[in-house]
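See below for the structure under consideration.
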Amino acid sequence: MRAVDPAAVRDGAVAMLGRTPAKAVLRKASLLPPSGSPLPGDTREVTQLLSSETFQGAVAGLAGSLGVSPEDALAEAAGYLREMSATHQPKVSEAWQRFGGWLSRGYDVLVDDDGLAELRRLDRKHSLIFLISHRSYLDEFVLPPVLQNGDLSPLYGMAGANLNFFPLGTVARRTGIVHVRRSTSDIPVYRLALRSFIGQLVANRSNLCWSIEGGRTRTGKLRPPRYGLLRYVADAVEELPGADPLLVPVSMMYDQLPVHEVGRMASEARGKDKEPEDFRWLVNYARGLRERLGRVYLDFGTPLPLRQRLAELRADAVTENQVERVALDLCHRINAATPVTPTAAACIALLAADRALTLDQVLDTVRPLADYISGRGWPVAGGATLTDRSTLRWALRELVRSGVLTSYSGGTETVWGIGAEQHLIAATYRNSAIHVLLVRAIAELALLAVAESESAPREGAPRTAFDEALRLRELLKFDFFFAQREQFGQELAAEIDILAGQDGANGLEVTAEQASRWLSRARPLVAHLVLRPFLDAYRVVGEQLAGLDEDEAVDEQSLVEHCLRLGHQWSLQRILASEESVSGEMFSTALKLAKHLDLVKPGAPNLGKRRRDFADELGEVAGAIARIADRATS
């Protein structure tokens, strides 16, 4: 175990509590003690905070702004701290690991041992903040045992309060799980207590873990980050001179997710209500984990020193949104550590065709993708060879066994196709790999815009490949993570150079003749595989908005429900390329983009025209993607 600086714990741990949250209604804690004084059974962190004059002063200041007594506010804060508190009881942790091992018995866990060894070294001097890509409820049973068996310091895992039910929550709390409420905007004392609790853990050099996304992905790709807990860690770093935590990107990738879990995710994407987590849910979830589902791939990205990164941002005169920039850096590092699985490769091929394929036909699609992935140095899960017939056949058979694919062997060859109402699930696996192809897809569309600029010029068309890429980046920024403008330009230039082949590209300077020639011979072409499902979903939202009156108030939930119905109609009519675009999650993201462009609130200037222009722009991009698809199959 590493040494802890007592002075930092005693004097600095709660110095960062001076900020006062906005005034709101005082709430009573669920575990309200008779006073705000430490109790014999309190954990170390709770005792430290309740004994701190700085913490007591911060609570008293908040109490004054809320118009309540300091004693009542401190008692409430103490109750919240006890609600958050967690311990590491060896016997309970051992039993918890056995329970987790039983739940995850359908998987073998493949660990990045080199990364783990480096973390063991860093653990001696730093608090390690593990930020994970959250794919399954099983995640919390995969990472902690690996870290414990790797001889790292005990981990405090942040989990949603929705999982704090008997007996799961009671036991989990004794294994280091901290249950955090999701909606706290009207509970200022809770927010102060949580900020203080996180700061105290950092001061104690404890290791922490949570999902950077704030919840499980519903589409298979990394979701936009949540900033709250990371902001509290950044506050602690700014206020505690000795605090030097490292942010550790963690990728957890599954060959296949539990069948009932991924099925529920697809149902929620189609608009069904989320099933509440309770004891009955836990029993049903455990019952559904009997089948073998392959491997879990646990990989660690390059750790990010938070103090150093914040200093670099200040040196670059970045005074706002520092935490947001750090979070995006982390998401890039998670994606960089996320491997491509054979399951993802198989689903890319079958979703692209949207019909049954033989094994040779699947290989024909995967082979150029595998060459590209290898050439760009992207990791492949377990070091597999994506073009190996046995590897792909195994992936296809496993997807048939779980019901995602169907197969037919009554003819001359076995063919595989996507099962009825399984497109969203297949897309979940496909989307786990699309970060690898994102800039490539944008480069293809940028070249197409340049190639068509002379033969079919359009009003307001971007003048260069970079202009078009920036336009697409702006449209897609709520769904994907992009580097800052300069680095994005470098990434785009690298992709265009690959597309240019032996000709070689002159940076981002491309003529129409060059763009057309490069696209005609480039393989693979991936824009339709990567971007079409998202842009098709955006089109549905754009058309729904364009059909509204300018002065009509927009109920977002109702709008998404209308989009689900229209999307289903368009899927049946084949206006949409695939039913995977009929997704509440995708529609909600498109709505965020529309709000960002001030297209939702009634009364905005020229609203009707701007909504129509938005829908037309999305239709134009969808047309460009269709032309890339035609080139890919010609």
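By convention in this document, the chains of the structure tokens carry letters A, B, ... by their order, each chain's residues are numbered from 1, and ligands are numbered from 1 in the order they are shown.
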>> Env of Arg539 in chain A: 8 Å cut, atoms = only C-alpha atoms, seq-sep filter 4 positions within chain, self excluded. Answer as a list in words.
In response: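 Near neighbours after the sequence-gap exclusion: Leu535, Glu543, Ala615, Leu618 and Gly619 of chain A.
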Contacts of Ala427 in chain A within 9 Å, only C-alpha atoms, excl. fewer than 3 positions in-chain, as a PDB file with C-alpha atoms, in the first residue's frame:
```pdb
ATOM      1  CA  THR A 219     -25.965   1.952 -29.665  1.00  0.00           C
ATOM      2  CA  GLY A 220     -22.642   0.127 -29.209  1.00  0.00           C
ATOM      3  CA  ALA A 344     -18.111  -6.504 -35.282  1.00  0.00           C
ATOM      4  CA  CYS A 347     -21.967  -7.508 -38.559  1.00  0.00           C
ATOM      5  CA  ILE A 348     -20.360  -4.779 -40.705  1.00  0.00           C
ATOM      6  CA  LEU A 351     -25.519  -4.905 -42.393  1.00  0.00           C
ATOM      7  CA  GLN A 422     -32.346  -7.985 -35.033  1.00  0.00           C
ATOM      8  CA  HIS A 423     -30.898  -5.076 -37.027  1.00  0.00           C
ATOM      9  CA  LEU A 424     -30.489  -2.854 -33.969  1.00  0.00           C
ATOM     10  CA  ARG A 430     -21.033  -3.034 -35.732  1.00  0.00           C
ATOM     11  CA  ASN A 431     -20.970   0.329 -33.917  1.00  0.00           C
ATOM     12  CA  SER A 432     -18.380  -0.908 -31.447  1.00  0.00           C
ATOM     13  CA  GLU A 580     -31.479   0.258 -37.405  1.00  0.00           C
TER      14      GLU A 580
END
```
> Got a sec to tell me which of range 132-171 of chain A DSSP assigns to helix (DSSP H, G or I), as a list in words?
Replying inline: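 Put together, the selection reads Asp139, Glu140, Phe141, Val142, Leu143, Pro144, Pro145, Val146, Leu147, Gln148, Asn149, Ala161, Asn162, Leu163, Leu168, Gly169, Thr170 and Val171 of chain A.
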> In terms of the shortest atom-to-atom distance over only C-alpha atoms, which of A:Arg532, A:Pro368, A:Asp388, A:Leu147 is closest to Glu118 in chain A?
Replying inline: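 Smallest separation from Glu118 in chain A among the options: A:Leu147.
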Can you build me a table of range 92-192 of chain A residues sitting at most 9 Å from range 62-86 of chain A, with the closest atom pair per residue and its distance in Å to one decimal, using only C-alpha atoms, sorted by chain and residue number, as JSON lines?
```
{"residue": "A:Tyr156", "atom": "CA", "partner": "A:Ala86", "partner_atom": "CA", "distance": 7.7}
{"residue": "A:Ala172", "atom": "CA", "partner": "A:Ala86", "partner_atom": "CA", "distance": 8.3}
{"residue": "A:Arg173", "atom": "CA", "partner": "A:Ala86", "partner_atom": "CA", "distance": 4.9}
{"residue": "A:Arg174", "atom": "CA", "partner": "A:Ala86", "partner_atom": "CA", "distance": 5.8}
{"residue": "A:Thr175", "atom": "CA", "partner": "A:Ala86", "partner_atom": "CA", "distance": 7.1}
{"residue": "A:Gly176", "atom": "CA", "partner": "A:Ala86", "partner_atom": "CA", "distance": 5.0}
{"residue": "A:Ile177", "atom": "CA", "partner": "A:Ala86", "partner_atom": "CA", "distance": 6.0}
{"residue": "A:Val178", "atom": "CA", "partner": "A:Met84", "partner_atom": "CA", "distance": 5.3}
{"residue": "A:His179", "atom": "CA", "partner": "A:Met84", "partner_atom": "CA", "distance": 5.7}
{"residue": "A:Val180", "atom": "CA", "partner": "A:Met84", "partner_atom": "CA", "distance": 6.7}
{"residue": "A:Pro188", "atom": "CA", "partner": "A:Leu62", "partner_atom": "CA", "distance": 8.2}
{"residue": "A:Val189", "atom": "CA", "partner": "A:Ala77", "partner_atom": "CA", "distance": 6.0}
{"residue": "A:Tyr190", "atom": "CA", "partner": "A:Tyr80", "partner_atom": "CA", "distance": 6.2}
{"residue": "A:Leu192", "atom": "CA", "partner": "A:Ala77", "partner_atom": "CA", "distance": 7.9}
```
>> For a quick check of understanding, using only C-alpha atoms, which of A:Glu509, A:Glu579, A:Asp113, A:Glu213 has the smallest distance to Cys331 in chain A?
In response: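 Using only C-alpha atoms, the shortest distance to Cys331 in chain A belongs to A:Glu213.
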> Which polymer residues have any atom within 6 Å of an atom of Leu293 in chain A, counting only C-alpha atoms, with same-chain residues fewer than 3 positions away left out, as a PyMOL selection string?
Replying inline: chain A and resi 106-107+256
>> Give me the residues near Ala553 in chain A as a list in words, where near means some atom within 12 Å (using only C-alpha atoms) and where sequence neighbours in that chain fewer than 6 positions away do not count.
In response: Leu545, Leu559, Leu599, Val600, Lys601, Pro602, Gly603 and Ala604 of chain A
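All residues of protein, DNA or RNA that reach within 6 Å of Asp299 in chain A, judged by only C-alpha atoms and not counting those fewer than 5 positions away in the chain, are A:Asp112, A:Val250, A:Ser251.
Across A:Asp255, A:Glu617, A:Glu556, A:Asp186, the tightest approach to Ser588 in chain A is made by A:Glu556 when counting only C-alpha atoms.
Shell of range 200-211 of chain A at 6 Å, with only C-alpha atoms counted and residues fewer than 6 places along the chain excluded, is Val9, Ala13, Ser127, Leu128, Ile129, Phe130, Leu131, Ile132, His134, Leu155, Tyr156, Gly157 and Met158 of chain A.
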